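**Student:** Attaching a single structure in structure tokens format; questions to follow.
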Amino acid sequence: MVEIVKNRIIIHLDMDYFFAQIEERENPRFKGKPVVVGADPMGGKGRGVISTCNYAARAFGLHSAMPISKAYALCPQAIYLPVNGDYYAQVSAHIMKLIRKKTGKAAMEQVSIDEAYVDVSFLKSFAKVQTLAQELRKEILGKEKLTCTCGVGPNKMIAKMACQAAKPNGWKVIKPAQCADFIERMDVEKIPGIGEKTAKILRESNLRTVADLRKISEHEMEDLFGSRGKTMYQRVRGMDEEEVVSEHPVKSIGKEYTFEQDTRDPEMLLRVFESLAAQVAQELEDEKLWFRTITVVCRFSGFETHTKSKTLASSSRAGEILRAEAVKLLLRFITQYPKPIRLIGVRVLIASPSGI
């Protein structure tokens with residue numbers, strides 16, 4: 001029997017191909033055609049990546065984060081659209097407000113623009129929660145004309161995995177007694193925290209399924225995953241004690257820019273970079289936040305990516321300090337690496353005023 005936190009019931013709600021679905025809603029003529037939201041493909045020479053695409057596009061092998069040039073090579077006939085972030089955020093706000101209203105006193109954690117967890121343990125019945133999830137999907141479809149998928153489980157991990165298994169436009173309920181059978185035959189990569197590279201290493205050791213990983217002792221899991229070993233030992237057994245948290249503090253603020261052509265032009269690099277730093281500084285000011293650690297990222301030709309960071313002696317809110325220290329880091333990149341630059345970015349970690 002899989003161990004779980006007693007009597008917890010969680011809904012994971014995820015909108016289906018959110019950005020592209022909104023574009024389909026606004027432009028009915030797009031229905032049934034491959035739709036890609038992301039960077040301009042520029043006839044196959046564009047930079048950047050896919051943000052999201054609909055299932056008609058996925059049939060051609062397209063997916064989120066794929067380079068837009070590769071997407072165009074695979075499916076030049078797709079409808080390519082820019083990211084209309086402000087509008088998508090407005091639609092998201094409507095949906096999240098609807099979820100909060102429908103679930104009342106439940107703790108709700110929005111984890112991205114198009115997905116959220118809701119702790120509905122107070123209903124004390126998976127049957128009641130299933131009904132609630134169906135009502136949520138129906139109401140979102142009725143009021144926003146958008147489909148979503150819901151997963152229900154005894155913890156956040158199982159709820160999310162149930163949601164993924166039910167995609168698109170579906171629902172799935174996994175009760176405590178069903179957890180073991182539900183996850184044991186899954187590929188190791190389905191477990192949150194196991195990415196593509198880690199999964200490859202595990203498969204090379206004949207650890208291909210969740211059932212295979214369950215044969216590994218906790219000590220061996222620590223050897224495989226380091227500090228995450230205990231957490232992974234629990235996850236492959238369906239255990240997840242992470243609570244649904246209504247609000248998450250902002251942990252970092254960052255901006256990036258991808259050049260249309262790789263460049264070594266110092267004037268262009270500095271002009272774009274100072275604009276990015278100014279945007280981050282403005283957001284810090286607007287949110288009345290402090291920072292202490294500054295990180296600069298550079299991606300060179302061939303997608304080789306490096307970062308450099310500087311931690312200040314104490315926290316600051318000064319835009320000039322952010323700009324000056326970030327530029328120093330950028331100049332180190334320019335002088336140390338002779339390759340043309342594809343992308344630059346700057347990010348700060350949020351800190352308390354005392355720097356703790």
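Residue numbering restarts at 1 in every chain; chains get A, B, ... in the order shown in the structure tokens, and ligands count up from 1 in that same order.
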Mind checking which residues fall within 10 Å of stretch 152-156 of chain A, counting only C-alpha atoms, ignoring those fewer than 4 positions away in the same chain, and posting them as a PDB file with C-alpha atoms, in the first residue's frame?
**Tutor:**
ATOM      1  CA  GLU A   3       1.776   5.714   2.092  1.00  0.00           C
ATOM      2  CA  ILE A   4      -0.112   9.028   1.920  1.00  0.00           C
ATOM      3  CA  VAL A   5      -0.963  11.965   4.118  1.00  0.00           C
ATOM      4  CA  LYS A   6      -4.190  10.871   5.782  1.00  0.00           C
ATOM      5  CA  ASN A   7      -7.484  12.200   4.397  1.00  0.00           C
ATOM      6  CA  ARG A   8      -5.977  14.738   1.997  1.00  0.00           C
ATOM      7  CA  ILE A   9      -7.731  15.301  -1.339  1.00  0.00           C
ATOM      8  CA  ILE A  10      -6.176  17.583  -3.967  1.00  0.00           C
ATOM      9  CA  ILE A  11      -7.386  18.825  -7.351  1.00  0.00           C
ATOM     10  CA  HIS A  12      -4.844  19.778  -9.985  1.00  0.00           C
ATOM     11  CA  LEU A  13      -6.447  21.849 -12.749  1.00  0.00           C
ATOM     12  CA  TYR A 117      -3.798  23.129  -7.071  1.00  0.00           C
ATOM     13  CA  VAL A 118      -6.806  23.216  -4.753  1.00  0.00           C
ATOM     14  CA  ASP A 119      -6.915  21.436  -1.396  1.00  0.00           C
ATOM     15  CA  VAL A 120     -10.517  20.245  -1.007  1.00  0.00           C
ATOM     16  CA  SER A 121      -9.875  17.836   1.864  1.00  0.00           C
ATOM     17  CA  PHE A 126     -13.493  11.560  -3.490  1.00  0.00           C
ATOM     18  CA  VAL A 129     -14.487  16.079  -5.264  1.00  0.00           C
ATOM     19  CA  GLN A 130     -15.018  14.348  -8.592  1.00  0.00           C
ATOM     20  CA  ALA A 133     -13.973  18.933 -10.603  1.00  0.00           C
ATOM     21  CA  LYS A 160      -0.684  16.314 -11.130  1.00  0.00           C
ATOM     22  CA  MET A 161       0.215  12.941 -12.604  1.00  0.00           C
ATOM     23  CA  ALA A 162      -3.487  12.067 -12.856  1.00  0.00           C
ATOM     24  CA  CYS A 163      -4.069  15.352 -14.668  1.00  0.00           C
ATOM     25  CA  TRP A 171     -10.439  14.156 -15.788  1.00  0.00           C
ATOM     26  CA  LYS A 172      -9.019  11.355 -13.671  1.00  0.00           C
ATOM     27  CA  VAL A 173      -9.470  10.429 -10.032  1.00  0.00           C
ATOM     28  CA  ILE A 174      -6.837   8.350  -8.240  1.00  0.00           C
ATOM     29  CA  LYS A 175      -7.897   7.146  -4.799  1.00  0.00           C
ATOM     30  CA  PRO A 176      -5.332   6.112  -2.156  1.00  0.00           C
ATOM     31  CA  ALA A 177      -5.782   2.397  -2.813  1.00  0.00           C
ATOM     32  CA  GLN A 178      -5.188   2.927  -6.549  1.00  0.00           C
ATOM     33  CA  CYS A 179      -1.920   4.871  -6.283  1.00  0.00           C
ATOM     34  CA  GLY A 238       3.425   7.856  -4.062  1.00  0.00           C
ATOM     35  CA  MET A 239       4.288   9.971  -1.026  1.00  0.00           C
ATOM     36  CA  ASP A 240       4.189  13.749  -1.179  1.00  0.00           C
ATOM     37  CA  GLU A 241       3.664  15.785   1.974  1.00  0.00           C
ATOM     38  CA  GLU A 242       3.958  19.172   0.265  1.00  0.00           C
ATOM     39  CA  GLU A 243       0.997  21.327   1.218  1.00  0.00           C
ATOM     40  CA  VAL A 244      -1.085  23.543  -1.044  1.00  0.00           C
TER      41      VAL A 244
END
**Student:** Excluding A:Gly44 and its own-chain neighbours fewer than 4 positions away, which residues fall within 8 Å of it when counting only C-alpha atoms? Please give them as an MDAnalysis selection string.
**Tutor:** chainID A and resid 68:70 72:73
**Student:** Next, dump the selected residues to file, keeping only C-alpha atoms, as a PDB file, in the first residue's frame.
**Tutor:**
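The resulting file, out-v1.pdb, is shown below:
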ATOM      1  CA  ILE A  68      11.121  28.057 -33.759  1.00  0.00           C
ATOM      2  CA  SER A  69      13.375  27.371 -36.752  1.00  0.00           C
ATOM      3  CA  LYS A  70      13.014  23.616 -36.205  1.00  0.00           C
ATOM      4  CA  TYR A  72       9.049  25.790 -39.139  1.00  0.00           C
ATOM      5  CA  ALA A  73      11.085  23.055 -40.812  1.00  0.00           C
TER       6      ALA A  73
END
**Student:** Would you mind telling me which residue in A:Pro67, A:Gly85, A:Pro266, A:Gly32 lies nearest to A:Gly46 when using only C-alpha atoms?
**Tutor:**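 Among the listed residues, A:Pro67 lies closest to A:Gly46.
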**Student:** If I take atom CA of A:Ser309 and atom CA of A:Thr295, how far is one from the other in Å, to one decimal?
**Tutor:**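 Taking atom CA of A:Ser309 as the start and atom CA of A:Thr295 as the end point, the length is 4.2 Å.
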**Student:** Give me the residues within 7 Å of A:Arg185 as a list of chain:residue names, counting only C-alpha atoms and dropping any in the same chain fewer than 2 places off.
**Tutor:** A:Ile183, A:Asp187, A:Thr209, A:Val210, A:Ala211
**Student:** Which residues are near A:Thr335? Cut-off 12 Å, only C-alpha atoms, ignore same chain within fewer than 5 positions. Put them as a list in words.
**Tutor:**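 My list of contacting residues is Arg264, Pro266, Lys328, Leu329, Leu330 and Pro340 of chain A.
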**Student:** Please identify all polymer residues within 7 Å of A:Glu256, counting only C-alpha atoms, omitting same-chain residues fewer than 3 positions from it, and present them as a list in words.
**Tutor:**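 In the requested form, the answer reads Leu276, Ile344, Gly345 and Val346 of chain A.
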**Student:** One number please: atom CA of A:Tyr257 to atom CA of A:Val297, in Å, one decimal.
**Tutor:**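 Atom-to-atom, atom CA of A:Tyr257 and atom CA of A:Val297 are spaced 10.3 Å apart.
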**Student:** Quick one, how far is atom CA of A:Ala199 from atom CA of A:Lys230?
**Tutor:**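 Separating atom CA of A:Ala199 from atom CA of A:Lys230 is a distance of 17.4 Å.
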**Student:** Can you tell me, as a CSV table (one decimal) with N, CA and C atoms, in the first residue's frame, what residues are no more than 8 Å from A:Arg317 when counting only C-alpha atoms, ignoring any on the same chain fewer than 4 positions away?
**Tutor:**
chain,number,residue,atom,x,y,z
A,281,ALA,N,14.9,46.6,-12.6
A,281,ALA,CA,15.0,47.6,-11.6
A,281,ALA,C,13.6,48.2,-11.4
A,284,LEU,N,11.4,45.8,-9.5
A,284,LEU,CA,11.7,45.8,-8.1
A,284,LEU,C,11.1,47.0,-7.4
A,285,GLU,N,11.2,48.2,-8.0
A,285,GLU,CA,10.7,49.4,-7.4
A,285,GLU,C,9.2,49.3,-7.3
A,288,LYS,N,8.3,47.0,-4.6
A,288,LYS,CA,9.0,47.4,-3.3
A,288,LYS,C,9.8,46.2,-2.7
A,289,LEU,N,10.6,45.6,-3.6
A,289,LEU,CA,11.4,44.4,-3.3
A,289,LEU,C,12.9,44.7,-3.2
A,290,TRP,N,13.6,44.0,-2.4
A,290,TRP,CA,15.0,44.1,-2.3
A,290,TRP,C,15.7,42.9,-3.0
A,291,PHE,N,17.0,43.1,-3.4
A,291,PHE,CA,17.8,42.1,-4.0
A,291,PHE,C,19.2,42.1,-3.3
